[in-house]
>>> print(open('query_21.cif').read())   # mmCIF, C-alpha atoms
data_protein
loop_
_atom_site.label_atom_id
_atom_site.label_comp_id
_atom_site.auth_asym_id
_atom_site.auth_seq_id
_atom_site.Cartn_x
_atom_site.Cartn_y
_atom_site.Cartn_z
CA MET A 450 -7.38 24.88 -1.32
CA ALA A 451 -10.43 22.60 -1.08
CA ALA A 452 -10.36 19.66 1.32
CA PRO A 453 -10.03 16.19 -0.30
CA MET A 454 -13.35 14.52 -1.05
CA GLU A 455 -14.26 11.52 1.07
CA VAL A 456 -16.25 8.76 -0.60
CA ALA A 457 -17.93 5.57 0.57
CA VAL A 458 -17.23 2.41 -1.43
CA CYS A 459 -19.76 -0.39 -0.91
CA THR A 460 -20.54 -3.86 -2.24
CA ASP A 461 -23.25 -6.43 -1.54
CA SER A 462 -23.62 -10.14 -2.21
CA ALA A 463 -26.54 -9.76 -4.64
CA ALA A 464 -25.17 -7.15 -7.09
CA PRO A 465 -28.00 -7.37 -9.67
CA LEU A 466 -27.05 -4.11 -11.43
CA TRP A 467 -23.49 -3.39 -10.31
CA SER A 468 -20.68 -4.94 -8.30
CA CYS A 469 -19.60 -1.82 -6.43
CA VAL A 470 -21.03 1.64 -5.84
CA VAL A 471 -19.17 4.82 -4.85
CA TRP A 472 -21.02 7.74 -3.30
CA GLU A 473 -19.98 11.06 -1.81
CA LEU A 474 -19.88 10.70 1.94
CA HIS A 475 -21.63 13.86 3.09
CA SER A 476 -24.10 14.56 0.27
CA GLY A 477 -24.95 10.93 -0.53
CA ALA A 478 -24.67 11.56 -4.29
CA ASN A 479 -23.79 8.52 -6.39
CA LEU A 480 -20.49 9.07 -8.20
CA LEU A 481 -19.55 5.75 -9.81
CA THR A 482 -20.72 2.18 -10.20
CA TYR A 483 -18.64 -0.81 -11.31
CA ARG A 484 -20.23 -3.80 -13.04
CA GLY A 485 -19.26 -7.43 -13.22
CA GLY A 486 -19.64 -10.00 -10.44
CA GLN A 487 -20.25 -10.10 -6.71
CA ALA A 488 -17.51 -9.05 -4.27
CA GLY A 489 -17.02 -11.28 -1.25
CA PRO A 490 -16.50 -10.11 2.35
CA ARG A 491 -13.08 -8.56 3.09
CA GLY A 492 -12.54 -8.78 -0.66
CA LEU A 493 -12.33 -5.15 -1.83
CA ALA A 494 -9.03 -3.28 -2.27
CA LEU A 495 -7.66 -0.17 -3.97
CA LEU A 496 -4.40 -0.73 -5.85
CA ASN A 497 -2.01 2.22 -6.09
CA GLY A 498 -4.91 4.68 -6.41
CA GLU A 499 -5.49 3.46 -9.99
CA TYR A 500 -7.29 0.11 -9.90
CA LEU A 501 -10.17 -1.31 -7.90
CA LEU A 502 -9.84 -5.02 -7.08
CA ALA A 503 -12.69 -7.24 -5.92
CA ALA A 504 -12.42 -10.91 -4.95
CA GLN A 505 -15.47 -12.61 -6.41
CA LEU A 506 -17.74 -14.41 -3.99
CA GLY A 507 -17.14 -18.16 -4.19
CA LYS A 508 -15.18 -17.89 -7.46
CA ASN A 509 -11.52 -18.36 -8.30
CA TYR A 510 -10.74 -14.95 -9.75
CA ILE A 511 -10.28 -11.31 -8.78
CA SER A 512 -11.96 -8.59 -10.85
CA ALA A 513 -9.93 -5.48 -11.65
CA TRP A 514 -11.29 -2.15 -12.91
CA GLU A 515 -9.51 1.03 -13.86
CA LEU A 516 -11.07 3.60 -11.56
CA GLN A 517 -12.44 5.68 -14.44
CA ARG A 518 -13.35 2.93 -16.91
CA LYS A 519 -16.12 1.76 -14.64
CA ASP A 520 -18.40 0.21 -17.28
CA GLN A 521 -15.78 -2.21 -18.55
CA LEU A 522 -14.21 -5.00 -16.54
CA GLN A 523 -10.52 -4.59 -17.38
CA GLN A 524 -9.09 -7.87 -16.24
CA LYS A 525 -9.74 -11.08 -14.36
CA ILE A 526 -6.88 -12.24 -12.17
CA MET A 527 -7.24 -16.01 -12.14
CA CYS A 528 -6.43 -17.76 -8.85
CA PRO A 529 -5.90 -21.41 -7.86
CA GLY A 530 -9.15 -21.39 -5.85
CA PRO A 531 -11.93 -19.21 -4.43
CA VAL A 532 -10.53 -16.09 -2.77
CA THR A 533 -11.69 -15.64 0.83
CA CYS A 534 -10.06 -12.23 1.48
CA LEU A 535 -7.94 -9.67 -0.33
CA THR A 536 -5.71 -6.68 0.36
CA THR A 537 -2.99 -4.60 -1.30
CA SER A 538 0.12 -2.95 0.12
CA PRO A 539 -0.17 0.83 0.64
CA ASN A 540 2.90 1.37 -1.58
CA GLY A 541 1.12 -0.40 -4.45
CA LEU A 542 3.80 -3.06 -4.97
CA TYR A 543 2.09 -6.23 -3.73
CA VAL A 544 -1.28 -8.00 -3.72
CA LEU A 545 -2.23 -10.45 -0.96
CA ALA A 546 -5.04 -12.98 -1.22
CA GLY A 547 -6.33 -15.65 1.11
CA ILE A 548 -7.19 -18.87 -0.73
CA ALA A 549 -8.42 -21.65 1.56
CA GLU A 550 -5.84 -21.89 4.39
CA SER A 551 -2.99 -20.34 2.33
CA ILE A 552 -1.82 -16.77 1.67
CA TYR A 553 -0.70 -15.86 -1.85
CA LEU A 554 1.64 -12.90 -2.42
CA TRP A 555 2.01 -11.38 -5.91
CA GLU A 556 4.35 -8.68 -7.16
CA VAL A 557 2.29 -6.10 -9.06
CA SER A 558 5.01 -4.95 -11.49
CA THR A 559 5.67 -8.43 -12.91
CA GLY A 560 2.64 -10.49 -11.92
CA ASN A 561 4.96 -13.11 -10.39
CA LEU A 562 3.63 -15.22 -7.54
CA LEU A 563 6.42 -14.69 -5.00
CA VAL A 564 5.43 -16.96 -2.14
CA ILE A 565 2.63 -19.13 -0.76
CA LEU A 566 2.31 -19.10 3.03
CA SER A 567 0.57 -22.07 4.60
CA ARG A 568 0.69 -21.60 8.35
CA HIS A 569 -3.06 -21.41 9.01
CA TYR A 570 -4.96 -24.63 9.63
CA GLN A 571 -8.31 -23.42 8.31
CA ASP A 572 -9.52 -20.79 5.84
CA VAL A 573 -7.94 -17.33 6.02
CA SER A 574 -10.72 -14.82 6.75
CA CYS A 575 -8.98 -11.42 6.76
CA LEU A 576 -5.72 -9.78 5.70
CA GLN A 577 -4.25 -6.32 6.23
CA PHE A 578 -0.94 -4.50 5.72
CA THR A 579 0.59 -2.03 8.12
CA GLY A 580 0.63 1.58 6.91
CA ASP A 581 4.28 1.41 5.75
CA SER A 582 3.86 -1.95 3.97
CA SER A 583 6.58 -3.53 6.14
CA HIS A 584 4.31 -6.09 7.83
CA PHE A 585 0.98 -7.75 7.21
CA LEU A 586 -1.49 -9.54 9.45
CA SER A 587 -3.63 -12.57 8.70
CA GLY A 588 -6.57 -13.93 10.64
CA GLY A 589 -8.26 -17.29 10.10
CA LYS A 590 -11.04 -19.60 11.13
CA ASP A 591 -8.43 -21.52 13.13
CA CYS A 592 -8.65 -18.74 15.79
CA LEU A 593 -5.09 -17.57 15.01
CA VAL A 594 -3.79 -14.15 14.03
CA LEU A 595 -0.32 -14.18 12.44
CA VAL A 596 1.98 -11.19 12.04
CA TRP A 597 4.37 -11.44 9.08
CA SER A 598 7.42 -9.36 8.22
CA LEU A 599 7.31 -8.74 4.46
CA CYS A 600 11.11 -8.53 4.26
CA SER A 601 11.55 -11.88 6.00
CA VAL A 602 8.94 -13.52 3.79
CA LEU A 603 10.57 -12.29 0.57
CA GLN A 604 14.11 -13.19 1.65
CA ALA A 605 13.28 -16.59 3.11
CA ASP A 606 15.21 -19.66 2.00
CA PRO A 607 13.00 -21.46 -0.59
CA SER A 608 13.77 -24.77 1.09
CA ARG A 609 12.35 -23.57 4.41
CA ILE A 610 8.81 -22.57 5.32
CA PRO A 611 8.66 -18.85 6.28
CA ALA A 612 7.74 -18.28 9.90
CA PRO A 613 5.52 -15.45 11.16
CA ARG A 614 6.99 -12.85 13.48
CA HIS A 615 4.17 -13.29 16.03
CA VAL A 616 1.43 -15.86 16.57
CA TRP A 617 -1.53 -14.54 18.54
CA SER A 618 -3.55 -17.48 19.82
CA HIS A 619 -5.62 -15.89 22.59
CA HIS A 620 -8.92 -16.08 20.68
CA THR A 621 -10.95 -19.26 21.11
CA LEU A 622 -13.27 -19.00 18.09
CA PRO A 623 -12.75 -17.96 14.42
CA ILE A 624 -11.34 -14.51 13.66
CA THR A 625 -13.92 -12.30 11.93
CA ASP A 626 -12.01 -9.05 11.35
CA LEU A 627 -8.80 -7.20 12.09
CA HIS A 628 -7.72 -3.59 11.86
CA CYS A 629 -4.20 -2.11 11.90
CA GLY A 630 -3.62 1.50 12.91
CA PHE A 631 -0.90 3.90 11.81
CA GLY A 632 2.72 3.67 12.86
CA GLY A 633 4.15 0.93 10.67
CA PRO A 634 5.78 -1.77 12.81
CA LEU A 635 4.99 0.32 15.91
CA ALA A 636 1.26 0.30 15.16
CA ARG A 637 -1.47 -1.22 17.28
CA ALA A 638 -3.78 -3.84 15.81
CA ALA A 639 -7.32 -4.80 16.84
CA THR A 640 -8.70 -8.31 16.29
CA ALA A 641 -12.35 -9.40 16.51
CA SER A 642 -13.69 -12.92 16.99
CA LEU A 643 -16.84 -14.95 17.40
CA ASP A 644 -15.67 -15.60 20.97
CA GLN A 645 -17.28 -12.21 21.83
CA THR A 646 -13.97 -10.46 22.43
CA VAL A 647 -11.96 -7.72 20.76
CA LYS A 648 -8.26 -7.63 21.55
CA LEU A 649 -5.78 -4.81 21.05
CA TRP A 650 -2.14 -5.71 20.32
CA GLU A 651 1.20 -4.03 19.80
CA VAL A 652 2.62 -5.17 16.46
CA SER A 653 6.30 -4.66 17.29
CA SER A 654 6.42 -6.64 20.52
CA GLY A 655 3.36 -8.84 20.01
CA GLU A 656 2.11 -7.85 23.47
CA LEU A 657 -1.58 -7.98 24.32
CA LEU A 658 -2.61 -4.48 25.45
CA LEU A 659 -6.34 -4.83 26.00
CA SER A 660 -9.11 -7.43 25.82
CA VAL A 661 -12.77 -6.40 25.86
CA LEU A 662 -15.56 -8.95 26.37
CA PHE A 663 -19.02 -8.30 24.88
CA ASP A 664 -22.40 -10.03 25.17
CA VAL A 665 -22.46 -10.95 21.46
CA GLY A 666 -20.03 -12.14 18.82
CA ILE A 667 -18.07 -9.33 17.15
CA MET A 668 -18.08 -9.34 13.35
CA ALA A 669 -16.21 -6.10 12.54
CA VAL A 670 -13.75 -3.76 14.22
CA THR A 671 -12.06 -0.46 13.41
CA THR A 672 -10.60 2.64 15.10
CA ASP A 673 -10.45 6.33 14.26
CA LEU A 674 -7.15 7.70 12.95
CA ALA A 675 -6.17 9.13 16.34
CA GLU A 676 -7.06 5.81 18.02
CA HIS A 677 -9.19 7.55 20.62
CA HIS A 678 -12.13 5.23 19.96
CA MET A 679 -12.50 1.62 18.89
CA PHE A 680 -15.76 0.60 17.18
CA CYS A 681 -17.00 -3.00 17.30
CA GLY A 682 -19.87 -4.36 15.21
CA GLY A 683 -21.95 -7.06 16.87
CA SER A 684 -23.85 -10.04 15.52
CA ASP A 685 -27.08 -8.51 16.89
CA GLY A 686 -26.79 -5.35 14.75
CA SER A 687 -25.36 -3.09 17.46
CA VAL A 688 -22.13 -1.08 17.12
CA PHE A 689 -20.20 -0.56 20.36
CA GLN A 690 -17.80 2.31 21.03
CA VAL A 691 -14.83 1.65 23.31
CA ASP A 692 -12.97 4.76 24.48
CA LEU A 693 -9.31 3.83 24.52
CA CYS A 694 -8.01 7.04 26.13
CA THR A 695 -10.33 6.85 29.16
CA TRP A 696 -10.10 3.10 29.64
CA PRO A 697 -8.88 2.02 33.11
CA GLY A 698 -5.49 0.44 33.51
CA GLN A 699 -6.58 -3.22 33.63
CA ARG A 700 -5.88 -5.39 30.60
CA GLU A 701 -9.24 -7.21 30.58
CA ARG A 702 -12.69 -5.81 31.01
CA SER A 703 -16.32 -6.49 30.07
CA PHE A 704 -18.38 -4.03 28.07
CA GLN A 705 -21.72 -3.48 29.82
CA PRO A 706 -24.37 -2.03 27.46
CA GLU A 707 -26.63 -1.07 30.36
CA GLN A 708 -23.84 0.96 31.94
CA ASP A 709 -22.49 2.35 28.67
CA THR A 710 -25.80 3.30 27.04
CA GLY A 711 -24.22 6.35 25.40
CA LYS A 712 -21.63 4.16 23.67
CA VAL A 713 -23.95 2.02 21.50
CA PHE A 714 -25.15 2.71 17.94
CA LYS A 715 -28.55 1.05 17.37
CA GLY A 716 -30.38 0.80 14.06
CA HIS A 717 -29.28 -2.29 12.14
CA ARG A 718 -31.62 -5.30 12.26
CA ASN A 719 -28.95 -7.93 11.48
CA GLN A 720 -25.27 -8.51 12.10
CA VAL A 721 -22.81 -5.71 11.28
CA THR A 722 -20.28 -6.91 8.71
CA CYS A 723 -18.01 -3.88 8.13
CA LEU A 724 -17.06 -0.58 9.77
CA SER A 725 -15.07 2.47 8.69
CA VAL A 726 -14.41 5.92 10.18
CA SER A 727 -13.98 9.25 8.38
CA THR A 728 -10.63 11.04 8.41
CA ASP A 729 -11.67 13.55 11.09
CA GLY A 730 -13.27 10.85 13.25
CA SER A 731 -16.71 12.50 13.26
CA VAL A 732 -18.57 10.02 11.04
CA LEU A 733 -18.88 6.23 11.23
CA LEU A 734 -19.92 4.04 8.28
CA SER A 735 -21.44 0.61 8.92
CA GLY A 736 -22.68 -2.17 6.64
CA SER A 737 -24.96 -4.99 7.67
CA HIS A 738 -26.66 -8.18 6.56
CA ASP A 739 -29.95 -6.23 6.76
CA GLU A 740 -29.00 -4.93 3.28
CA THR A 741 -28.34 -1.35 4.43
CA VAL A 742 -25.34 0.91 4.85
CA ARG A 743 -25.68 3.51 7.59
CA LEU A 744 -23.80 6.72 8.26
CA TRP A 745 -23.59 7.74 11.93
CA ASP A 746 -22.61 10.88 13.79
CA VAL A 747 -20.06 9.62 16.32
CA GLN A 748 -20.75 12.23 18.98
CA SER A 749 -24.55 11.96 19.08
CA LYS A 750 -24.81 8.29 17.95
CA GLN A 751 -27.58 9.36 15.55
CA CYS A 752 -27.99 7.85 12.09
CA ILE A 753 -27.40 10.55 9.48
CA ARG A 754 -28.13 8.56 6.33
CA THR A 755 -29.32 5.10 5.36
CA VAL A 756 -28.51 3.64 1.94
CA ALA A 757 -30.45 0.52 0.91
CA LEU A 758 -28.64 -2.07 -1.20
CA LYS A 759 -29.98 -5.21 -2.89
CA GLY A 760 -28.34 -7.80 -0.69
CA PRO A 761 -26.28 -8.35 2.48
CA VAL A 762 -23.46 -5.82 2.59
CA THR A 763 -20.05 -7.45 2.14
CA ASN A 764 -17.79 -4.36 2.07
CA ALA A 765 -18.20 -0.73 3.11
CA THR A 766 -15.25 1.61 3.56
CA ILE A 767 -14.47 5.33 3.57
CA LEU A 768 -11.68 6.52 1.28
CA LEU A 769 -10.11 9.81 0.32
CA ALA A 770 -11.04 9.89 -3.36
CA PRO A 771 -7.92 9.41 -5.53
CA LEU A 772 -7.33 11.86 -8.37
CA SER A 773 -7.91 9.05 -10.86
CA MET A 774 -11.43 8.53 -9.52
CA LEU A 775 -12.46 12.15 -10.11
CA SER A 776 -10.63 12.88 -13.36
CA SER A 777 -12.36 11.56 -16.48
CA ASP A 778 -9.20 11.60 -18.65
CA PHE A 779 -6.93 9.86 -16.14
CA ARG A 780 -5.27 6.60 -17.16
CA PRO A 781 -3.15 4.25 -15.02
CA SER A 782 0.58 4.80 -15.20
CA LEU A 783 1.15 1.03 -15.46
CA PRO A 784 -1.00 -1.65 -17.11
CA LEU A 785 -1.74 -4.67 -14.95
CA PRO A 786 0.40 -7.69 -15.92
CA HIS A 787 -0.74 -11.27 -16.20
CA PHE A 788 -0.76 -12.73 -12.67
CA ASN A 789 0.80 -16.19 -12.42
CA LYS A 790 -1.09 -18.91 -10.59
CA HIS A 791 1.98 -20.96 -9.71
CA LEU A 792 5.34 -20.29 -8.12
CA LEU A 793 8.06 -19.54 -10.70
CA GLY A 794 5.48 -20.22 -13.28
CA ALA A 795 6.91 -22.28 -16.15
CA GLU A 796 4.82 -25.33 -15.48
CA HIS A 797 1.06 -25.35 -15.98
CA GLY A 798 1.38 -22.90 -18.86
CA ASP A 799 2.49 -19.83 -16.92
CA GLU A 800 5.21 -17.73 -18.46
CA LEU A 801 8.59 -18.24 -16.80
CA ARG A 802 9.84 -15.04 -15.22
CA CYS A 803 12.77 -15.69 -12.93
CA GLY A 804 16.06 -13.88 -12.64
CA GLY A 805 17.05 -10.49 -14.01
CA LEU A 806 15.24 -7.22 -13.64
CA THR A 807 11.91 -6.42 -15.27
CA LEU A 808 11.22 -2.77 -16.06
CA ARG A 809 7.72 -1.87 -17.23
CA LEU A 810 7.07 1.66 -18.44
CA GLY A 811 3.71 3.36 -18.30
CA LEU A 812 1.62 3.59 -21.46
CA HIS A 813 2.24 7.33 -21.76
CA GLN A 814 6.02 6.78 -21.49
CA GLN A 815 6.59 3.89 -23.84
CA GLY A 816 8.66 4.91 -26.86
CA SER A 817 8.88 8.56 -25.86
CA GLU A 818 12.34 8.43 -24.26
CA PRO A 819 15.30 6.04 -24.03
CA SER A 820 15.11 3.27 -21.50
CA TYR A 821 17.37 3.10 -18.46
CA LEU A 822 19.41 0.35 -20.14
CA GLU A 823 20.02 2.54 -23.21
CA ARG A 824 20.99 5.46 -20.98
CA MET A 825 23.43 3.24 -19.10
CA GLU A 826 25.04 2.10 -22.37
CA GLN A 827 25.37 5.71 -23.56
CA LEU A 828 26.98 6.75 -20.28
CA GLN A 829 29.39 3.81 -20.38
CA ALA A 830 30.44 4.73 -23.95
CA VAL A 831 31.14 8.34 -22.92
CA MET A 832 33.19 7.22 -19.91
CA CYS A 833 35.22 4.77 -22.04
CA ASN A 834 35.99 7.47 -24.63
CA THR A 835 37.09 9.89 -21.94
CA MET A 836 39.34 7.31 -20.28
CA GLU A 837 40.82 6.37 -23.66
CA LYS A 838 41.69 9.98 -24.41
CA ASN A 839 43.25 10.43 -21.00
CA VAL A 840 45.41 7.31 -21.26
CA LEU A 841 46.47 7.43 -24.91
CA GLY A 842 46.61 11.16 -25.45
CA GLY A 843 48.11 12.18 -22.14
CA GLN A 844 51.81 12.08 -23.21
CA ASP A 845 51.28 14.18 -26.34
CA GLN A 846 49.32 16.79 -24.39
CA LEU A 847 52.10 16.94 -21.78
CA ARG A 848 54.80 17.53 -24.42
CA VAL A 849 52.79 20.31 -26.04
CA ARG A 850 52.25 21.99 -22.71
CA VAL A 851 55.98 21.79 -21.81
CA THR A 852 56.88 23.40 -25.15
CA GLU A 853 54.41 26.22 -24.54
CA LEU A 854 55.87 26.88 -21.09
CA GLU A 855 59.45 26.88 -22.42
CA ASP A 856 58.49 29.47 -25.07
CA GLU A 857 56.88 31.62 -22.41
CA VAL A 858 60.01 31.46 -20.23
CA ARG A 859 62.20 32.52 -23.19
CA ASN A 860 59.92 35.48 -23.89
CA LEU A 861 60.03 36.55 -20.25
CA ARG A 862 63.86 36.38 -20.21
CA LYS A 863 64.08 38.50 -23.39
CA ILE A 864 61.74 41.10 -21.85
CA ASN A 865 63.83 41.11 -18.68
CA ARG A 866 67.05 41.70 -20.65
CA ASP A 867 65.44 44.52 -22.67
CA LEU A 868 64.25 46.22 -19.47
CA PHE A 869 67.73 45.87 -17.92
CA ASP A 870 69.43 47.36 -21.00
CA PHE A 871 66.96 50.24 -21.13
CA SER A 872 67.47 51.03 -17.43
CA THR A 873 71.26 50.92 -17.82
CA ARG A 874 71.19 53.37 -20.72
CA ILE A 875 69.00 55.82 -18.78
CA ILE A 876 71.21 55.69 -15.70
CA THR A 877 74.56 56.01 -17.55
CA ARG A 878 73.42 58.76 -19.92
CA PRO A 879 75.78 61.81 -19.48
CA ALA A 880 74.17 64.91 -18.06
CA LYS A 881 73.80 67.93 -20.39
#
>>> encode(input="query_21.cif", output="C-alpha cells")
Amino acid sequence: MAAPMEVAVCTDSAAPLWSCVVWELHSGANLLTYRGGQAGPRGLALLNGEYLLAAQLGKNYISAWELQRKDQLQQKIMCPGPVTCLTTSPNGLYVLAGIAESIYLWEVSTGNLLVILSRHYQDVSCLQFTGDSSHFLSGGKDCLVLVWSLCSVLQADPSRIPAPRHVWSHHTLPITDLHCGFGGPLARAATASLDQTVKLWEVSSGELLLSVLFDVGIMAVTTDLAEHHMFCGGSDGSVFQVDLCTWPGQRERSFQPEQDTGKVFKGHRNQVTCLSVSTDGSVLLSGSHDETVRLWDVQSKQCIRTVALKGPVTNATILLAPLSMLSSDFRPSLPLPHFNKHLLGAEHGDELRCGGLTLRLGLHQQGSEPSYLERMEQLQAVMCNTMEKNVLGGQDQLRVRVTELEDEVRNLRKINRDLFDFSTRIITRPAK
C-alpha cells in the first residue's frame, strides 16, 4: 500500500492569478490552484477534508471552495467584520473566526452562530483547536493567550459571559502565532510573541513548562509530531531549532545563535510568517515576506527547494492530501449551509433556527432512503401493533392453547388404557 501523499498549501497577499496553490511536497509539481481573493495570515483552514476555507485579507467574508471544484468559488461566508484569523475543528463540526477582539463560533451542520466570545481586549491574531476538538486556544494583540473548553462554551448560561479555562499572560507584547501538539486536553502548546520569546505550556494544567528568549521577535512557531524539536521563525528571516528532548531542566533559557550554529536555518531575506513540518519530521516548510516558500532538510539545515510567489506569504502548511483532493469525481457529503451573522438569527434578516434537531443529508443520499424520522415512525407503528395483539388477543390464544393441551391429555390416557388392556390379555392368555 502506497504512503499517503503530502502536499504543501500556500497563499500570498498579492494573489494576481490564484488565491491558493497546492503542490506535491517532494517533487514540487503543482497539483491545484484556487481562484478568488487574497487569503490573510492565519486565515487558511481545511474543513472536514472536503472544503478549503480562506479568510479574505481585510474583507468581511470567508471564501469556501470544494477541494475538486477549484476553478469556481463555491460560497462566500459573510461575517460581521474583517476576519483576522480562522480555524476549523478536526472533527469538522465547527468553524472559529477571529473578528476584531471577538471570537465567533459556528456550527457547520446548520450554519448557526452559536456564541460570540469577547474576552480579548485587542484584535485576535491566531486560533487553533486541540487534536480532539475538545479545547481551542486564542492569541491576541493584547498579549494574552486564552484556553477555552468547547463543552463549557457551548453549555454556558446565555446570561453569563463564558470564561476561559486558562489565561496565559506571561507575554509582554502581541501574540504572533501558536501551535498545539497532539494529546487532546493533555497536549502541549507553544506560543510566540514579538517580545522575542517562545513559551511552551501544558494545556490541562495551564502550567508554563519552558520559556526561550531569542535575539529577535518570533513570528511563527511549530513542532514536529513527536515534539522532539520546536521551530521558531524570526523577524530577521532566520528559523531556529530548539531541541526539546535535550533541553536542560531549567524553565527559562536564552537561545544563543553563536553557540547553536547548527540549529539555525538561514536563507530568507525577510521575516518568517509561517512554519510547518512533514509527518516524519524530516522536512520543514517555511513562508516569508520575501515572497518565497522554502523547503528545508531538518537534519542538514539545507534548503531543498525554493518556490517563488507573487507577494508576501501569508499561509504555508503541509497536509496529508485528502481523498477528495486527489479524486476528480469526489463531491462533498454535505453542502455548506448559509452561515448566520447574528446570534439566534431572526433579526437582521437571518433565518431563525432555534430549538429542535436539524438533520441534513448528503446530496447523494437525499431521496434515496427514508429519513430517520420516518424510520422511527415505522418502528413505533410496529411496536404498537405488537403490543395491541399481545394485550387484546392474549386471552383467546390462552383458551385455544388450553383446549389443545386437554385434547392431548385425553389422547394420552386412551393410549395408556389400550396398552394396559393389551398387556393384561397377553399375560392372562391360557397356555396351550
>>> closest_residue(input="query_21.cif", among="A:Ala546, A:Cys459, A:Leu635, A:Leu734", to="Val762 of chain A", atoms="only C-alpha atoms")
A:Cys459
>>> axis_aligned_box(input="query_21.cif", around="segment 656-675 of chain A", padding_each_side="5 Å", output="AutoDock Vina command-line options")
--center_x -10.2 --center_y -1.5 --center_z 19.5 --size_x 34.6 --size_y 31.3 --size_z 23.8
>>> resolve_selection(input="query_21.cif", expression="the PyMOL selection byres ((chain A and resi 506-512) around 9)", output="ChimeraX atom specification")
/A:462,485-490,492,501-505,513-514,522-533,535,548
>>> resolve_selection(input="query_21.cif", expression="the PyMOL selection byres ((chain A and resi 540-543) around 8)", output="PyMOL selection string")
chain A and resi 496-497+537-539+544-545+554-558+581-582
>>> write_last_selection(input="query_21.cif", atoms="C-alpha atoms", output="short mmCIF file (atom, residue, chain, number, x, y, z; two decimals), keeping the file's coordinate frame")
data_model
loop_
_atom_site.label_atom_id
_atom_site.label_comp_id
_atom_site.auth_asym_id
_atom_site.auth_seq_id
_atom_site.Cartn_x
_atom_site.Cartn_y
_atom_site.Cartn_z
CA LEU A 496 -4.40 -0.73 -5.85
CA ASN A 497 -2.01 2.22 -6.09
CA THR A 537 -2.99 -4.60 -1.30
CA SER A 538 0.12 -2.95 0.12
CA PRO A 539 -0.17 0.83 0.64
CA VAL A 544 -1.28 -8.00 -3.72
CA LEU A 545 -2.23 -10.45 -0.96
CA LEU A 554 1.64 -12.90 -2.42
CA TRP A 555 2.01 -11.38 -5.91
CA GLU A 556 4.35 -8.68 -7.16
CA VAL A 557 2.29 -6.10 -9.06
CA SER A 558 5.01 -4.95 -11.49
CA ASP A 581 4.28 1.41 5.75
CA SER A 582 3.86 -1.95 3.97
#
>>> atom_distance(input="query_21.cif", atom1="atom CA of Ala636 of chain A", atom2="atom CA of Thr722 of chain A")
23.6 Å
>>> atom_distance(input="query_21.cif", atom1="atom CA of Glu515 of chain A", atom2="atom CA of Leu576 of chain A")
22.7 Å
>>> closest_residue(input="query_21.cif", among="A:Trp745, A:Trp617, A:Phe779, A:Phe714", to="Glu656 of chain A", atoms="all atoms listed in the file")
A:Trp617
>>> resolve_selection(input="query_21.cif", expression="the PyMOL selection byres ((chain A and resi 776) around 12)", output="MDAnalysis selection string")
chainID A and resid 480:481 499 515:518 770:775 777:781
>>> residues_around(input="query_21.cif", residues="Ala641 of chain A", least_positions_apart="6", cutoff="9 Å", atoms="only C-alpha atoms", output="PyMOL selection string")
chain A and resi 620+623-628+647-648+666-670+681
>>> atom_distance(input="query_21.cif", atom1="atom CA of Leu674 of chain A", atom2="atom CA of Ser731 of chain A")
10.7 Å
>>> residues_around(input="query_21.cif", residues="Ser654 of chain A", least_positions_apart="3", cutoff="9 Å", atoms="only C-alpha atoms", output="ChimeraX atom specification")
/A:615,635,650-651,657
>>> closest_residue(input="query_21.cif", among="A:Leu563, A:Val596, A:Val742, A:Ala765", to="Ser725 of chain A", atoms="all atoms listed in the file")
A:Ala765
>>> closest_residue(input="query_21.cif", among="A:Ala494, A:Leu785, A:Val713, A:Val732", to="Gly560 of chain A", atoms="all atoms listed in the file")
A:Leu785
>>> closest_residue(input="query_21.cif", among="A:Arg718, A:His787, A:His738, A:His619", to="Asn764 of chain A", atoms="only C-alpha atoms")
A:His738
>>> residues_around(input="query_21.cif", residues="segment 660-662 of chain A", least_positions_apart="4", cutoff="12 Å", atoms="all atoms listed in the file", output="ChimeraX atom specification")
/A:619-620,638-650,656,666-667,670,679-681,683,689-693,696-706
>>> closest_residue(input="query_21.cif", among="A:Pro879, A:Gly711, A:Pro453, A:Gly716", to="Ile753 of chain A", atoms="all atoms listed in the file")
A:Gly716
